[in-house]
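Containing compact mmCIF, C-alpha atoms: data_25.txt.
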```
# COMPACT_ATOMS: atom_id res chain seq x y z
CA MET T 1 -4.45 -10.57 20.98
CA SER T 2 -4.90 -7.29 22.88
CA ARG T 3 -2.06 -5.12 24.05
CA VAL T 4 -1.53 -1.50 25.04
CA ALA T 5 -1.43 0.75 22.01
CA VAL T 6 1.17 3.35 21.18
CA LEU T 7 0.63 7.03 20.38
CA TYR T 8 -2.39 8.03 22.40
CA THR T 9 -3.12 10.93 24.76
CA PRO T 10 -5.16 10.66 28.00
CA LEU T 11 -7.91 13.29 28.23
CA SER T 12 -10.52 14.18 30.81
CA SER T 13 -13.17 12.85 28.40
CA GLY T 14 -11.35 9.63 27.51
CA VAL T 15 -8.26 8.98 25.38
CA ARG T 16 -7.28 10.41 22.01
CA CYS T 17 -5.76 8.02 19.49
CA ASP T 18 -2.84 9.72 17.70
CA LEU T 19 -2.15 7.08 15.04
CA CYS T 20 -4.46 8.09 12.20
CA ALA T 21 -5.49 11.58 11.18
CA ARG T 22 -9.00 11.13 12.60
CA ARG T 23 -7.50 11.42 16.10
CA CYS T 24 -10.58 9.76 17.61
CA ILE T 25 -11.47 10.74 21.16
CA ILE T 26 -12.62 7.46 22.71
CA PRO T 27 -14.65 7.41 25.96
CA GLU T 28 -14.22 4.69 28.57
CA GLY T 29 -15.37 1.30 27.25
CA LYS T 30 -15.83 2.52 23.67
CA VAL T 31 -13.94 1.94 20.42
CA GLY T 32 -12.67 4.35 17.79
CA PHE T 33 -13.81 4.65 14.18
CA CYS T 34 -11.71 1.61 13.24
CA ASN T 35 -13.59 -0.60 15.76
CA VAL T 36 -10.38 -2.31 16.96
CA ARG T 37 -8.94 0.26 19.38
CA ARG T 38 -10.72 0.61 22.68
CA ASN T 39 -10.46 2.60 25.89
CA VAL T 40 -10.07 0.31 28.90
CA ASN T 41 -9.45 2.08 32.20
CA ASP T 42 -8.13 5.15 30.37
CA ARG T 43 -5.63 3.10 28.42
CA LEU T 44 -5.89 2.59 24.67
CA LEU T 45 -5.73 -1.06 23.67
CA THR T 46 -5.42 -2.62 20.22
CA ASP T 47 -7.53 -5.76 19.79
CA ILE T 48 -5.76 -7.19 16.74
CA TYR T 49 -2.08 -7.45 17.62
CA GLY T 50 -0.81 -10.41 15.58
CA ALA T 51 -4.34 -11.45 14.56
CA LEU T 52 -3.81 -12.02 10.83
CA SER T 53 -6.73 -12.55 8.47
CA ILE T 54 -4.64 -13.05 5.34
CA ARG T 55 -1.02 -13.91 4.57
CA TYR T 56 0.47 -14.58 1.18
CA ILE T 57 3.73 -14.68 -0.72
CA ASP T 58 3.35 -11.93 -3.31
CA ASP T 59 5.37 -10.47 -6.12
CA ILE T 60 6.59 -7.01 -5.13
CA GLU T 61 4.85 -5.78 -8.29
CA LYS T 62 1.49 -6.64 -6.74
CA LYS T 63 2.23 -4.10 -4.03
CA LEU T 64 2.45 -1.54 -6.89
CA GLN T 65 6.18 -1.30 -6.42
CA TYR T 66 7.73 -1.35 -9.91
CA HIS T 67 10.99 0.47 -9.13
CA PHE T 68 11.80 -1.18 -5.78
CA ASN T 69 13.63 -4.53 -5.92
CA PRO T 70 11.73 -5.58 -9.07
CA GLY T 71 11.19 -9.29 -9.46
CA SER T 72 11.49 -9.95 -5.72
CA SER T 73 9.08 -11.81 -3.43
CA THR T 74 7.49 -10.25 -0.38
CA TYR T 75 5.68 -11.93 2.50
CA SER T 76 2.43 -9.99 2.70
CA PHE T 77 -0.13 -9.94 5.47
CA GLY T 78 -3.03 -7.98 6.90
CA THR T 79 -5.42 -8.02 9.83
CA THR T 80 -8.96 -6.60 9.89
CA SER T 81 -10.75 -3.25 9.83
CA CYS T 82 -9.82 0.15 8.38
CA ASN T 83 -9.97 3.87 9.07
CA PHE T 84 -11.79 4.46 5.75
CA ARG T 85 -15.22 3.25 4.61
CA CYS T 86 -14.69 3.12 0.85
CA LYS T 87 -17.81 2.04 -1.00
CA PHE T 88 -15.65 0.38 -3.68
CA CYS T 89 -13.29 -1.56 -1.39
CA ILE T 90 -12.21 -4.89 -2.92
CA ASN T 91 -11.12 -6.16 0.51
CA TRP T 92 -14.37 -5.22 2.24
CA GLU T 93 -14.49 -8.55 4.11
CA LEU T 94 -11.27 -7.53 5.86
CA SER T 95 -11.99 -3.84 6.28
CA THR T 96 -15.59 -3.97 7.54
CA GLU T 97 -16.58 -7.49 8.65
CA LYS T 98 -13.97 -8.29 11.26
CA GLU T 99 -16.21 -10.60 13.26
CA PHE T 100 -16.60 -12.95 10.26
CA VAL T 101 -12.98 -13.08 9.15
CA PRO T 102 -10.98 -16.13 10.31
CA VAL T 103 -7.65 -15.28 11.87
CA VAL T 104 -4.36 -16.92 12.67
CA LYS T 105 -2.22 -15.62 15.51
CA MET T 106 1.43 -14.92 14.82
CA TRP T 107 4.26 -13.07 16.52
CA PRO T 108 6.65 -10.71 14.68
CA SER T 109 9.43 -13.27 14.97
CA GLU T 110 7.23 -15.87 13.25
CA ILE T 111 6.53 -13.46 10.38
CA VAL T 112 10.26 -12.91 9.84
CA GLU T 113 11.07 -16.61 10.12
CA THR T 114 8.34 -17.53 7.63
CA ALA T 115 9.52 -14.91 5.14
CA ILE T 116 13.09 -16.17 5.29
CA LYS T 117 12.03 -19.83 5.14
CA ASN T 118 10.08 -19.19 1.94
CA GLY T 119 12.88 -17.29 0.23
CA CYS T 120 11.27 -13.84 0.40
CA GLN T 121 13.39 -10.74 0.11
CA GLY T 122 10.98 -8.58 2.12
CA ILE T 123 7.80 -8.13 4.11
CA SER T 124 4.75 -6.05 3.16
CA PHE T 125 2.11 -4.58 5.45
CA THR T 126 -0.96 -4.59 3.24
CA TYR T 127 -4.49 -5.82 2.39
CA ASN T 128 -6.11 -3.67 5.05
CA GLU T 129 -4.71 -0.34 6.25
CA PRO T 130 -1.48 -1.03 8.22
CA THR T 131 -2.07 2.00 10.45
CA ILE T 132 -4.80 -0.16 12.02
CA PHE T 133 -2.25 -2.76 13.13
CA PHE T 134 0.53 -0.23 13.65
CA GLU T 135 2.06 -1.81 16.76
CA PHE T 136 2.39 -5.20 15.09
CA ALA T 137 3.76 -3.66 11.89
CA TYR T 138 6.26 -1.61 13.89
CA ASP T 139 7.56 -4.59 15.90
CA THR T 140 7.77 -6.75 12.77
CA ALA T 141 9.54 -4.05 10.76
CA LYS T 142 12.20 -3.68 13.45
CA LEU T 143 12.92 -7.41 13.40
CA ALA T 144 12.88 -7.47 9.59
CA ARG T 145 15.54 -4.76 9.50
CA LYS T 146 17.78 -6.87 11.75
CA SER T 147 17.28 -9.86 9.44
CA ASN T 148 18.11 -7.89 6.25
CA LEU T 149 14.55 -8.11 4.94
CA ASN T 150 13.15 -5.02 3.23
CA THR T 151 9.80 -3.61 4.31
CA VAL T 152 6.95 -2.13 2.27
CA LEU T 153 4.05 -0.10 3.67
CA VAL T 154 0.91 -0.19 1.50
CA THR T 155 -1.17 2.61 2.96
CA ASN T 156 -3.97 5.07 2.34
CA GLY T 157 -1.67 7.72 3.81
CA TYR T 158 -4.06 8.84 6.57
CA MET T 159 -1.35 8.72 9.23
CA THR T 160 -0.35 11.32 11.79
CA PRO T 161 3.13 12.87 11.66
CA GLU T 162 3.85 11.11 14.96
CA ALA T 163 3.11 7.71 13.42
CA VAL T 164 5.26 8.43 10.37
CA GLU T 165 8.10 9.63 12.57
CA MET T 166 7.95 6.46 14.65
CA ILE T 167 7.87 3.83 11.91
CA ALA T 168 9.86 5.55 9.14
CA PRO T 169 13.30 4.33 10.33
CA TYR T 170 12.18 0.75 9.67
CA ILE T 171 10.33 1.19 6.34
CA ASP T 172 12.13 0.98 2.98
CA ALA T 173 9.29 1.67 0.54
CA ALA T 174 5.71 2.90 0.62
CA SER T 175 2.81 2.57 -1.80
CA ILE T 176 0.37 5.40 -1.15
CA ASP T 177 -3.09 4.66 -2.52
CA PHE T 178 -5.10 7.72 -3.50
CA LYS T 179 -8.81 7.47 -4.23
CA GLY T 180 -10.60 9.65 -6.76
CA SER T 181 -7.45 11.70 -7.42
CA GLY T 182 -7.43 13.12 -3.91
CA ASN T 183 -10.67 15.04 -4.47
CA SER T 184 -12.01 16.14 -1.07
CA HIS T 185 -15.67 15.76 -2.09
CA PHE T 186 -15.00 12.22 -3.29
CA TYR T 187 -13.28 11.29 -0.02
CA ARG T 188 -16.13 12.68 2.09
CA LYS T 189 -18.91 11.09 0.03
CA ILE T 190 -17.39 7.74 -0.95
CA CYS T 191 -14.78 7.04 1.76
CA GLU T 192 -16.19 8.90 4.81
CA VAL T 193 -12.92 10.80 5.17
CA PRO T 194 -13.41 14.38 6.41
CA ASN T 195 -10.10 15.91 5.31
CA VAL T 196 -7.64 14.81 2.59
CA GLN T 197 -4.76 17.12 3.49
CA PRO T 198 -3.10 14.65 5.92
CA ILE T 199 -2.62 12.22 3.02
CA PHE T 200 -0.59 14.71 1.01
CA GLU T 201 1.37 15.67 4.12
CA CYS T 202 2.11 11.99 4.86
CA ALA T 203 3.44 11.44 1.32
CA GLN T 204 5.75 14.43 1.58
CA MET T 205 6.96 13.39 5.01
CA LEU T 206 7.76 9.86 3.83
CA ARG T 207 9.65 11.32 0.89
CA ASP T 208 11.61 13.60 3.23
CA LYS T 209 12.53 10.49 5.23
CA ARG T 210 14.13 9.10 2.02
CA ILE T 211 11.63 6.25 1.79
CA HIS T 212 11.03 5.06 -1.76
CA ILE T 213 7.50 6.13 -2.75
CA GLU T 214 5.19 4.99 -5.51
CA ILE T 215 1.76 6.56 -5.88
CA SER T 216 -1.40 4.83 -7.06
CA ASN T 217 -4.76 6.39 -7.88
CA ILE T 218 -8.09 4.71 -8.53
CA VAL T 219 -9.69 6.37 -11.54
CA VAL T 220 -13.42 7.01 -11.15
CA LEU T 221 -15.13 9.14 -13.78
CA GLU T 222 -18.08 9.91 -11.54
CA HIS T 223 -18.76 10.78 -7.91
CA GLY T 224 -16.42 13.77 -7.78
CA ASP T 225 -13.54 12.52 -9.93
CA SER T 226 -12.65 14.07 -13.30
CA ASP T 227 -9.82 14.52 -15.78
CA GLN T 228 -9.11 17.86 -14.16
CA GLU T 229 -8.65 16.16 -10.78
CA GLN T 230 -6.34 13.57 -12.38
CA TYR T 231 -4.12 16.30 -13.80
CA LYS T 232 -4.22 18.12 -10.47
CA LEU T 233 -2.92 15.06 -8.63
CA GLY T 234 -0.32 14.43 -11.32
CA LYS T 235 0.89 18.01 -11.06
CA TRP T 236 1.11 17.68 -7.28
CA VAL T 237 3.20 14.50 -7.59
CA LEU T 238 5.43 16.22 -10.15
CA ASP T 239 5.98 19.34 -8.02
CA ASN T 240 6.24 17.71 -4.59
CA LEU T 241 7.59 14.18 -5.09
CA GLY T 242 9.49 14.63 -8.35
CA PRO T 243 9.12 13.63 -12.03
CA GLU T 244 10.70 10.20 -11.47
CA THR T 245 8.08 9.16 -8.90
CA PRO T 246 6.13 6.21 -10.36
CA LEU T 247 2.39 6.86 -10.67
CA HIS T 248 -0.03 3.96 -11.15
CA LEU T 249 -3.53 4.66 -12.49
CA LEU T 250 -5.92 1.87 -11.55
CA SER T 251 -9.20 1.14 -13.27
CA PHE T 252 -12.23 1.24 -11.03
CA MET T 253 -13.08 -2.30 -9.91
CA ASP T 254 -16.44 -3.93 -10.68
CA ARG T 255 -16.74 -5.28 -7.17
CA CYS T 256 -18.13 -2.19 -5.51
CA LEU T 257 -21.20 -0.61 -3.93
CA ILE T 258 -21.62 2.37 -6.26
CA ASP T 259 -22.50 2.73 -9.94
CA HIS T 260 -19.69 3.56 -12.33
CA GLU T 261 -18.74 3.52 -15.98
CA PRO T 262 -15.88 1.56 -17.63
CA VAL T 263 -12.59 3.46 -17.53
CA GLY T 264 -10.02 1.14 -19.15
CA ARG T 265 -9.50 2.99 -22.45
CA HIS T 266 -9.75 6.36 -20.75
CA VAL T 267 -6.99 5.41 -18.30
CA ILE T 268 -4.55 4.85 -21.17
CA GLU T 269 -5.31 8.31 -22.54
CA LEU T 270 -4.83 9.81 -19.08
CA CYS T 271 -1.43 8.13 -18.76
CA ASN T 272 -0.25 9.70 -22.00
CA ASP T 273 -1.43 13.13 -20.84
CA LEU T 274 0.38 12.74 -17.51
CA ARG T 275 3.58 11.76 -19.29
CA ASN T 276 3.26 14.89 -21.39
CA LEU T 277 2.84 16.79 -18.14
CA GLY T 278 6.36 15.72 -17.15
CA LEU T 279 5.94 12.49 -15.14
CA LYS T 280 8.42 9.95 -16.49
CA TYR T 281 6.93 6.70 -15.21
CA VAL T 282 3.15 6.35 -15.43
CA TYR T 283 1.58 2.90 -15.39
CA ASN T 284 -1.89 1.40 -15.67
CA ASP T 285 -3.57 -2.01 -15.75
CA PHE T 286 -2.66 -2.45 -19.41
CA GLU T 287 0.75 -0.74 -19.53
CA THR T 288 2.93 -2.36 -16.89
CA ASN T 289 6.31 -2.31 -18.62
CA THR T 290 9.01 0.24 -17.86
CA ASN T 291 10.21 2.14 -20.92
CA CYS T 292 13.06 4.60 -21.17
CA PRO T 293 11.58 8.11 -20.80
CA GLU T 294 14.13 9.49 -23.27
CA CYS T 295 14.28 7.05 -26.19
CA GLY T 296 11.31 4.73 -25.52
CA GLU T 297 13.35 1.52 -25.31
CA GLN T 298 11.58 -1.21 -23.31
CA LEU T 299 13.69 -1.82 -20.22
CA ILE T 300 11.61 -3.97 -17.85
CA ARG T 301 8.90 -6.31 -19.07
CA ARG T 302 6.27 -7.59 -16.66
CA ASP T 303 4.05 -10.48 -17.77
CA LEU T 304 1.19 -11.98 -15.78
CA LYS T 305 -0.35 -14.88 -17.66
CA MET T 306 -3.91 -16.02 -17.12
CA PHE T 307 -4.27 -18.55 -14.28
CA ASP T 308 -0.71 -17.78 -13.13
CA THR T 309 -0.25 -16.17 -9.73
CA ARG T 310 3.27 -14.88 -10.37
CA TYR T 311 4.72 -12.21 -12.62
CA THR T 312 7.50 -13.02 -15.06
CA VAL T 313 9.95 -10.10 -15.06
CA THR T 314 12.66 -9.68 -17.68
CA TYR T 315 15.24 -6.91 -18.00
CA ASN T 316 16.98 -4.94 -20.69
CA LEU T 317 19.19 -2.81 -18.44
CA THR T 318 22.88 -2.27 -17.90
CA SER T 319 24.48 -3.31 -14.62
CA GLU T 320 24.01 0.27 -13.45
CA HIS T 321 20.25 0.21 -14.16
CA ALA T 322 20.64 2.35 -17.26
CA CYS T 323 19.09 2.17 -20.71
CA PRO T 324 21.46 0.18 -23.00
CA LYS T 325 20.41 2.28 -25.99
CA CYS T 326 20.82 5.88 -24.79
CA GLY T 327 22.41 5.53 -21.34
CA THR T 328 19.58 7.15 -19.36
CA LYS T 329 19.77 6.05 -15.70
CA ILE T 330 16.53 4.49 -14.47
CA PRO T 331 15.63 5.05 -10.80
CA ILE T 332 15.61 1.48 -9.50
CA VAL T 333 16.07 0.97 -5.77
CA GLY T 334 17.74 -2.27 -4.73
CA THR T 335 18.32 -5.34 -6.88
CA CYS T 336 16.68 -6.56 -10.09
CA TYR T 337 15.65 -10.15 -9.36
CA SER T 338 14.95 -12.80 -11.99
CA GLY T 339 14.30 -16.52 -12.13
CA ARG T 340 11.41 -16.38 -9.66
CA LYS T 341 10.02 -19.87 -9.19
CA ALA T 342 6.30 -20.52 -9.29
CA SER T 343 4.82 -21.44 -5.92
CA GLY T 344 1.57 -23.14 -5.03
CA PHE T 345 -0.83 -22.08 -2.35
CA ARG T 346 -3.73 -23.47 -0.44
CA VAL T 347 -6.72 -21.83 1.17
CA GLY T 348 -7.44 -22.30 4.84
CA GLY T 349 -10.25 -21.25 7.15
CA ALA T 350 -13.28 -19.94 5.31
CA GLY T 351 -11.25 -18.83 2.31
CA TYR T 352 -9.59 -15.68 3.58
CA LEU T 353 -6.46 -17.20 5.09
CA TRP T 354 -3.91 -17.94 2.40
CA ASP T 355 -0.82 -19.92 3.22
CA TYR T 356 2.09 -21.38 1.30
CA PRO T 357 3.08 -24.99 1.94
CA GLY T 358 6.45 -25.67 3.47
```
For this file, write the structure as structure tokens.
Amino acid sequence: MSRVAVLYTPLSSGVRCDLCARRCIIPEGKVGFCNVRRNVNDRLLTDIYGALSIRYIDDIEKKLQYHFNPGSSTYSFGTTSCNFRCKFCINWELSTEKEFVPVVKMWPSEIVETAIKNGCQGISFTYNEPTIFFEFAYDTAKLARKSNLNTVLVTNGYMTPEAVEMIAPYIDAASIDFKGSGNSHFYRKICEVPNVQPIFECAQMLRDKRIHIEISNIVVLEHGDSDQEQYKLGKWVLDNLGPETPLHLLSFMDRCLIDHEPVGRHVIELCNDLRNLGLKYVYNDFETNTNCPECGEQLIRRDLKMFDTRYTVTYNLTSEHACPKCGTKIPIVGTCYSGRKASGFRVGGAGYLWDYPG
């Protein structure tokens, strides 16, 4: 589903894509680094408008949004390809093998209708980097806003200021996924990203646009990452995004193309150190509950049982999202949802296309 792209600049040597921070200069008949934007007659086209490789009804918590409409459901979808080449990518079928991924074609209006029909409170642009399908995300987000659906951008943050400026009015929350604590050597070696500074700039710009931000970071104890880098990123979040910004430390996945060592126990220790640094809400794979930063009272409990696809979320908060024990106000955006019903799913295509019945 090709269509003319947004945010590109004609040049004498081709066209320059101004969506991601690579700003690829693409000659006639060629594609950019992402492989899905091509120069045709000095116009930049996107090849994947509405070409979805995966769609799923998710818990908002699975988008690493713990303080944004907790307990809600979000209609999540992605396309193919990426502007990174992470050697540890868990969605590598979507990000690198676009010719083998089955797709379903949908229009923005169909996304919104499906979300509403299935009782979702929002829509998430996720699974592969949404900057890659920016035009489709933008059109869908505008319709979602009109239909009172919230929108979540799950991104690697490698967006240009122009892209952020364009889509920000229609985005409610963003999950920014750091790799290797933002270490520049790690990004160059493991992700083929030449410069990490645009990621930090994107996070600050989204914050300035009053978009709710939660930060995640994949902890890798090798290949350029270290405790020092973890603290450095934590200090940056503290100083630039604020102490109440949720930070999620993720254990390095086994499904990857590089050697690594187990990090589970170490992640818990890192979380404690980052809390001592001044960050009030630090989570990891094993510590997913929200506790009061002042008195330690458990305020939000998140349970994900084995073989269950949905979180069970329970609350111990006042009506004003405050701790019932000491009165500390907890930064929760939106509504605390409960009573989420379990929903089945079926697999279509070759196993990548997920769809809910009904």
Name all residues at most 7 Å from region 320-333 of chain T (count only C-alpha atoms; drop same-chain ones fewer than 6 positions away) and give them as a tab-separated table (two decimals) with C-alpha atoms, in the frame of the given file.
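The file below, selection-v7.tsv, is the result:
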```
chain	number	residue	atom	x	y	z
T	67	HIS	CA	10.99	0.47	-9.13
T	68	PHE	CA	11.80	-1.18	-5.78
T	69	ASN	CA	13.63	-4.53	-5.92
T	292	CYS	CA	13.06	4.60	-21.17
T	295	CYS	CA	14.28	7.05	-26.19
T	299	LEU	CA	13.69	-1.82	-20.22
```
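Reported to one decimal place, the separation of CA of Ser95 (chain T) from CA of Ile132 (chain T) is 9.9 Å.
Minimum distance to Cys82 (chain T) across T:Gly50, T:Gly334, T:Pro169, T:Pro130 (counting only C-alpha atoms) occurs at T:Pro130.
Of the residues listed (T:Gly180, T:Gly242, T:Gly71, T:Gly157), T:Gly157 shows the shortest atom-to-atom separation from Ala21 (chain T); distances use only C-alpha atoms.
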Worksheet, complete the sentence: Residue with the minimum atom-to-atom distance to Ala137 (chain T), picked from T:Cys89, T:Val6, T:Leu64, T:Leu279 with all atoms listed in the file counted, is T:Val6
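Within 9 Å of the point (2.9, -8.3, -3.5), and counting only C-alpha atoms, the protein, DNA and RNA residues are Tyr56, Ile57, Asp58, Asp59, Ile60, Glu61, Lys62, Lys63, Leu64, Gln65, Ser73, Thr74, Tyr75, Ser76, Ser124 and Thr126 of chain T.
Minimum atom-to-atom distances from T:Thr155, T:Asn128, T:Lys189, T:Ser109 to Leu143 (chain T) were compared using only C-alpha atoms, and the lowest value belongs to T:Ser109.
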Fill in: Between CA of Arg23 (chain T) and CA of Asp172 (chain T) - distance in Å to one decimal
25.8 Å
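Minimum atom-to-atom distance to Ser338 (chain T), evaluated using only C-alpha atoms, belongs to T:Thr314 out of T:Thr314, T:Asn284, T:Thr151, T:Thr290.
With all atoms listed in the file as the atoms that count, the minimum distance from Lys179 (chain T) to the choices T:Phe84, T:His266, T:Asp139, T:Ile213 is reached by T:Phe84.
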